[in-house]
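Undergrad: Got a structure here, written out as structure tokens. Questions coming.
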Amino acid sequence: MHFFLKVGLSLVRMKNLTLLFAALIFIVFCTVTIYLLEPETFESLLTSFYFVMTTFSTVGYGDYSPVTAAGRLFTVMMYLLGIGLLGVVIGKIVDAFSIFRKRKEEGKLAYTHEHHIIIVGWGKKTEMALKEILSSDPSVEIVIIDTLPTSPTDVSMDRVHYVQGDPSEEGPFIQANIAKAKSVIIFADENITVASLRDAKTLTIAITCERLASNVHTTVEVMTEKQLANFSHVKVDEFILSQETISLLAVRSAMHQNVGNIVTQLISRTVGEDLFEIPTRPEWKTYGDAFHALLEHGATLIADRQKMDINRRLQEDIPSDAILTVICDDSTYHSIISKGVPS
């Protein structure tokens, strides 16, 4: 008994790979040995392997069993050692899954996929953005960076990954695989009450982000317009003026009824038409060519990057780096992307 207890303690202390390797060797050893002891009872190595595994798992169907004294003695030894070994291996596997889930929940695992969207900071705006992204693109994955001790979302969500750490440092961004990301969204820290201090932290994060991956599209929330000058030396692709945007939208809605509803509809996928980017086609030489072709398909061309005066540029040639934006519904967009549009 002392011998088997000592063996059991040794198995528990083994490293996972060593234990797995030892288990495989022991199974192969038992499979070959029992076959050599009773080749007539166990017709092949496959049969002896089947007998070994049913014995280790305590299933014991009884369709195969040793008949010689040597075979039975070896089976007893195999039974005593094998059940303990298999139990420890299964326990280690269960522990590994538990550790993996715990590390994922705590944001300690590195993200290894590509073309994902990184969102910095967790709050109400992040939660809304998360829902919008997941509903907008069924394939894109999201990485959230924050200092929370555990993931703010359900860890079972396959498309959402959490990285814990200070986003002003490069470690969390490297763990989030920013070099292979599609874009980064930096929200202002809701825990900071002073707008200028919130923008100061956002600036620090933006500098870190752009230093690590200047090629990745970056969108930054800025609280006040006067702080934009401080971002002038940082290569940020787009700014969202949080306070000014809400105020201006409220004013436009008060002065021109339904403007607020129209803007909300365009930036949300919950109802009606949405904004989409459309790739250019070789046969579209001018904006007019693209405008009329898309209009026949049910989409309205409204902009090329920041240029929103396309209706006055119909005779101009489309530049090679054009990024066209249209208004249409989701089905029209996917039809255009999958089938193309009439010339």
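In the structure tokens, chains take the letters A, B, ... in the order shown, each chain's residues start at 1, and ligands count up from 1 in the order shown.
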Near Pro167 in chain A, counting only C-alpha atoms, which residues have an atom at most 10 Å away, once you skip same-chain residues fewer than 5 positions from it, shown as a PyMOL selection string?

TA: chain A and resi 120-121+145-147+172-173+186+201-202+204-206+208-209

Undergrad: Please produce a file of the residues just selected, as a short mmCIF file (atom, residue, chain, number, x, y, z; two decimals), in the first residue's frame, where the atoms kept are N, CA, C and O atoms.

TA:
data_model
loop_
_atom_site.label_atom_id
_atom_site.label_comp_id
_atom_site.auth_asym_id
_atom_site.auth_seq_id
_atom_site.Cartn_x
_atom_site.Cartn_y
_atom_site.Cartn_z
N VAL A 120 -10.38 50.75 -26.11
CA VAL A 120 -9.67 51.09 -24.87
C VAL A 120 -10.64 51.75 -23.90
O VAL A 120 -11.27 52.76 -24.23
N GLY A 121 -10.76 51.17 -22.72
CA GLY A 121 -11.63 51.73 -21.68
C GLY A 121 -13.00 51.09 -21.68
O GLY A 121 -13.62 50.94 -22.73
N ILE A 145 -9.42 46.63 -23.72
CA ILE A 145 -8.31 46.88 -22.80
C ILE A 145 -8.79 47.76 -21.66
O ILE A 145 -9.34 48.85 -21.89
N ASP A 146 -8.60 47.31 -20.43
CA ASP A 146 -9.01 48.09 -19.26
C ASP A 146 -8.26 47.57 -18.04
O ASP A 146 -7.56 46.54 -18.13
N THR A 147 -8.40 48.28 -16.93
CA THR A 147 -7.71 47.88 -15.70
C THR A 147 -8.59 47.09 -14.75
O THR A 147 -8.18 46.81 -13.62
N PRO A 172 -0.19 46.03 -22.59
CA PRO A 172 -1.54 45.59 -22.98
C PRO A 172 -1.79 45.65 -24.48
O PRO A 172 -2.47 44.79 -25.04
N PHE A 173 -1.22 46.65 -25.17
CA PHE A 173 -1.40 46.74 -26.62
C PHE A 173 -0.68 45.61 -27.34
O PHE A 173 -1.19 45.07 -28.33
N ILE A 186 -10.41 54.70 -28.83
CA ILE A 186 -10.01 55.11 -27.49
C ILE A 186 -11.09 56.01 -26.91
O ILE A 186 -11.31 57.12 -27.39
N LYS A 201 -5.14 61.98 -20.35
CA LYS A 201 -4.94 60.53 -20.32
C LYS A 201 -5.16 59.93 -21.70
O LYS A 201 -4.41 59.04 -22.13
N THR A 202 -6.18 60.42 -22.40
CA THR A 202 -6.45 59.93 -23.75
C THR A 202 -5.26 60.19 -24.67
O THR A 202 -4.90 59.35 -25.49
N THR A 204 -2.09 60.43 -23.81
CA THR A 204 -1.02 59.49 -23.47
C THR A 204 -1.26 58.12 -24.10
O THR A 204 -0.34 57.49 -24.65
N ILE A 205 -2.51 57.67 -24.05
CA ILE A 205 -2.86 56.37 -24.65
C ILE A 205 -2.68 56.42 -26.16
O ILE A 205 -2.16 55.48 -26.77
N ALA A 206 -3.11 57.52 -26.79
CA ALA A 206 -2.99 57.66 -28.24
C ALA A 206 -1.53 57.64 -28.68
O ALA A 206 -1.19 57.05 -29.71
N THR A 208 0.97 56.14 -27.14
CA THR A 208 1.43 54.74 -27.01
C THR A 208 0.93 53.90 -28.18
O THR A 208 1.68 53.13 -28.77
N CYS A 209 -0.34 54.07 -28.50
CA CYS A 209 -0.96 53.31 -29.58
C CYS A 209 -0.29 53.58 -30.92
O CYS A 209 0.06 52.66 -31.67
#

Undergrad: Quick one: DSSP alpha helix (DSSP H) residues in range 10-249 of chain A, as a PyMOL selection string?

TA: chain A and resi 10-13+16-37+45-56+69-105+124-136+170-175+195-212+242-249

Undergrad: In Å, rounded to a single decimal, give me how far CA of Ala23 in chain A is from CA of Asp95 in chain A.

TA: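 Separation between CA of Asp95 in chain A and CA of Ala23 in chain A: 17.0 Å.
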
Undergrad: Residues of range 65-180 of chain A that have any atom at most 8 Å from an atom of range 30-50 of chain A: could you tabulate them with the shortest-distance atom pair and the distance in Å to one decimal, using only C-alpha atoms, ordered by chain and increasing number, as JSON lines?

TA:
{"residue": "A:Ser65", "atom": "CA", "partner": "A:Thr41", "partner_atom": "CA", "distance": 7.5}
{"residue": "A:Pro66", "atom": "CA", "partner": "A:Thr41", "partner_atom": "CA", "distance": 6.8}
{"residue": "A:Val67", "atom": "CA", "partner": "A:Thr41", "partner_atom": "CA", "distance": 7.7}
{"residue": "A:Thr68", "atom": "CA", "partner": "A:Glu38", "partner_atom": "CA", "distance": 7.5}
{"residue": "A:Ala70", "atom": "CA", "partner": "A:Leu37", "partner_atom": "CA", "distance": 7.1}
{"residue": "A:Gly71", "atom": "CA", "partner": "A:Leu37", "partner_atom": "CA", "distance": 6.0}
{"residue": "A:Phe74", "atom": "CA", "partner": "A:Ile34", "partner_atom": "CA", "distance": 7.6}
{"residue": "A:Thr75", "atom": "CA", "partner": "A:Ile34", "partner_atom": "CA", "distance": 7.9}
{"residue": "A:Met78", "atom": "CA", "partner": "A:Cys30", "partner_atom": "CA", "distance": 7.1}

Undergrad: Enter the distance from CA of Ile144 in chain A to CA of Ile118 in chain A, in Å, rounded to one decimal.

TA: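 So the answer is 5.9 Å.
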
Undergrad: Counting only C-alpha atoms, which residue out of A:Arg198, A:His115, A:Lys180, A:Lys102 sits closest to Ser156 in chain A?

TA: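 Closest to Ser156 in chain A of all the choices is A:Lys102.
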
Undergrad: Record the distance separating CA of Leu294 in chain A and CA of Glu132 in chain A, expressed in Å with one decimal.

TA: 25.5 Å
